[in-house]
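Input: a single structure, listed below in structure tokens.
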Amino acid sequence: MVWTSRPVRRLAGSINAPGDKSCSHRALIFGGLASGTSRFTGLLEGDDVIRTGRAMAALGAGVTNTGPGAWEVTGVGARGLTSPRGVLDFGNSGTGSRLMMGVMAGFDLTAELCGDTSLSSRPMNRVLNPLRQMGMRDTAGKEGRLPFALTGSSALNEIYYKPPQASAQVKSAVLLAGLNAVGTTTVLEAKATRDHTERMLQGFGVKLGFATRPGSGETEISIAGKQPLFALDAAIPGDPSSAAFLIAAGILSPQGDVMVQGVMSNPTRSGFYDVANLMGAHLGAEERGEAAGERLIDLHAGYAGLKGIAVPERLVASMIDEFPILAVLAAFAQGETRVTGADELRVKESDRIKAIVAMLRVNGVSVEETEDGFTVQGCAGPVPGGGLVATHHDHRIAMSALVMGTAAQKPVSVDDVSMIDTSYPEFLDHMKTLGAEISEG
Ligand code: S3P
């Protein structure tokens with residue numbers, strides 16, 4: 001179903017950031033492993049996270065929704081996870097499926113896993129290879145694509161693993177398998193990726209070791225196997241990746257005045273905000289306390305004329321989900337914006353390099369695709385617009401295109417909005433609250 005976003009003069013207002021997707025998955029998973037009952041507030045109730053909750057329930061945890069964003073999770077504790085009856089369907093979620101593969105690897109169980117068309121085309125060998133080395137078995141074959149079955153073991157071997165990709169999902173899957181392995185498992189991270197697994201596991205009482213290799217910037221993260229987790233009460237911090245859409249809308253709006261409250265401020269997630277400021281956004285930030293061991297801030301964005309830049313490669317991992325919306329900012333900026341070192345975008349919910357390039361081109365923006373990124377020639381003001389964007393079932397492409405439409409010369413349409421529910425079910429409501437005109441047709 002086609003939806004269209006029409007240009008408006010003013011986007012203004014204050015929005016509470018939705019719960020962070022990465023932290024919400026982890027809260028349900030770790031709560032489900034712990035002994036005792038954990039209570040979470042502000043949990044993201046997007047489809048991806050709900051499916052992780054269902055998977056944990058199918059494996060033996062008690063997962064109950066007690067109010068809007070409020071969830072109680074009674075963990076299996078020493079009993080451990082057990083084989084589920086039905087197939088575990090992870091829908092669109094790379095995070096849910098890959099983290100859960102790592103978790104299940106460490107228990108004596110067999111499970112069948114599947115996902116939607118997008119997830120079934122994404123590479124799983126990046127997680128299966130280290131887990132196979134630890135002793136997990138699976139039916140995925142060489143291709144390593146869902147659907148397949150896996151058989152875990154409570155006698156997994158420890159491993160020392162250096163992931164070939166900068167991926168928090170791979171790091172997390174190996175550490176979570178290590179949590180129930182024999183001996184101590186270590187992941188050597190060449191480039192820092194989001195560290196929510198490490199932070200939140202410690203909140204559940206798990207001990208981790210960290211050692212930075214002098215000179216190289218590489219970090220070893222170690223976890224001793226067979227450690228218990230203890231239930232936790234936590235508020236889920238706001239999602240900087242979802243907030244990025246509202247902040248971008250505030251920057252592009254001719255009379256923009258947008259506040260997003262309670263956003264997690266974590267250096268492994270803040271690249272988009274650093275780049276927006278480098279382009280001239282002048283974002284405001286005010287301390288807002290803490291949630292689940294993460295710092296919170298209120299963020300403010302008003303209209304700013306932006307300048308194109310070469311995005312520093314060192315920031316790529318910390319803004320890996322924000323390139324679609326960064327591309328929209330680049331399209332309005334003056335001059336060229338160049339993204340390199342971002343080949344991981346090829347294996348997200350869609351081939352995001354191709355999807356971003358097509359999104360901009362169909363709206364009259366000049367952009368070149370490269371192997372590991374893209375180069376945008378900014379319009380130095382409102383982009384022409386008027387295009388119908390193919391979302392390829394990618395929520396972040398859909399939301400980016402709709403934000404572009406709020407400030408373009410002509411309306412911007414997308415072929416589908418239903419998949420926005422996977423990560424940000426309140427997106428359309430929040431945009432309307434700010435004054436956006438987004439409707440079916
Ligand atoms: C996530 C890690 C990232 C990110 C995804 C969430 C996580 O994927 O794109 O949206 O919660 O660990 P990679 O680690 O594969 O880059």
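Letters for chains follow the order of the structure tokens (A, B, ...), residue numbers begin at 1 for each chain, and ligand numbers begin at 1 in the order shown.
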Tell me, counting only C-alpha atoms and all ligand atoms, for each residue of chain A within 6 Å of ligand 1, which pair of atoms is nearest and how far apart they are in Å to one decimal, in rows ordered by chain and increasing number, as a Markdown table.
```
| residue | atom | partner | partner_atom_place_in_ligand_line | distance |
| --- | --- | --- | --- | --- |
| A:Ser22 | CA | ligand 1 | 11 (O) | 3.8 |
| A:Thr95 | CA | ligand 1 | 11 (O) | 5.3 |
| A:Ser167 | CA | ligand 1 | 14 (O) | 3.4 |
| A:Ala168 | CA | ligand 1 | 14 (O) | 3.5 |
| A:Gln169 | CA | ligand 1 | 14 (O) | 3.9 |
| A:Ile320 | CA | ligand 1 | 9 (O) | 5.8 |
| A:Asp321 | CA | ligand 1 | 9 (O) | 5.2 |
```
Mind running stretch 118-169 of chain A against stretch 73-82 of chain A at 12 Å and telling me each contacting residue's nearest atom pair with the distance in Å (one decimal), counting only C-alpha atoms, chain and number ascending, as a Markdown table?
```
| residue | atom | partner | partner_atom | distance |
| --- | --- | --- | --- | --- |
| A:Thr151 | CA | A:Thr82 | CA | 11.0 |
| A:Gly152 | CA | A:Thr82 | CA | 10.1 |
| A:Ser153 | CA | A:Leu81 | CA | 10.9 |
| A:Ser154 | CA | A:Gly80 | CA | 9.4 |
```
Export of the given selection (C-alpha atoms) as a short mmCIF file (atom, residue, chain, number, x, y, z; two decimals), in the first residue's frame:
```cif
data_model
loop_
_atom_site.label_atom_id
_atom_site.label_comp_id
_atom_site.auth_asym_id
_atom_site.auth_seq_id
_atom_site.Cartn_x
_atom_site.Cartn_y
_atom_site.Cartn_z
CA THR A 151 21.33 -28.67 18.00
CA GLY A 152 23.12 -27.12 20.94
CA SER A 153 25.18 -28.70 23.69
CA SER A 154 25.82 -27.96 27.35
#
```
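Going from atom CA of A:Lys162 over to atom CA of A:Glu322, you cover 25.1 Å.
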Original post:
Using only C-alpha atoms, which residue out of A:Ile221, A:Ala408, A:Ala398, A:Ala327 lies closest to A:Asn363?
Top reply: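 Between A:Ile221, A:Ala408, A:Ala398, A:Ala327, the residue approaching A:Asn363 most closely is A:Ala408.
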Subject >> Two-atom distance - atom CA of A:Leu246, atom CA of A:Thr406 (Å) >> reply: 11.1 Å
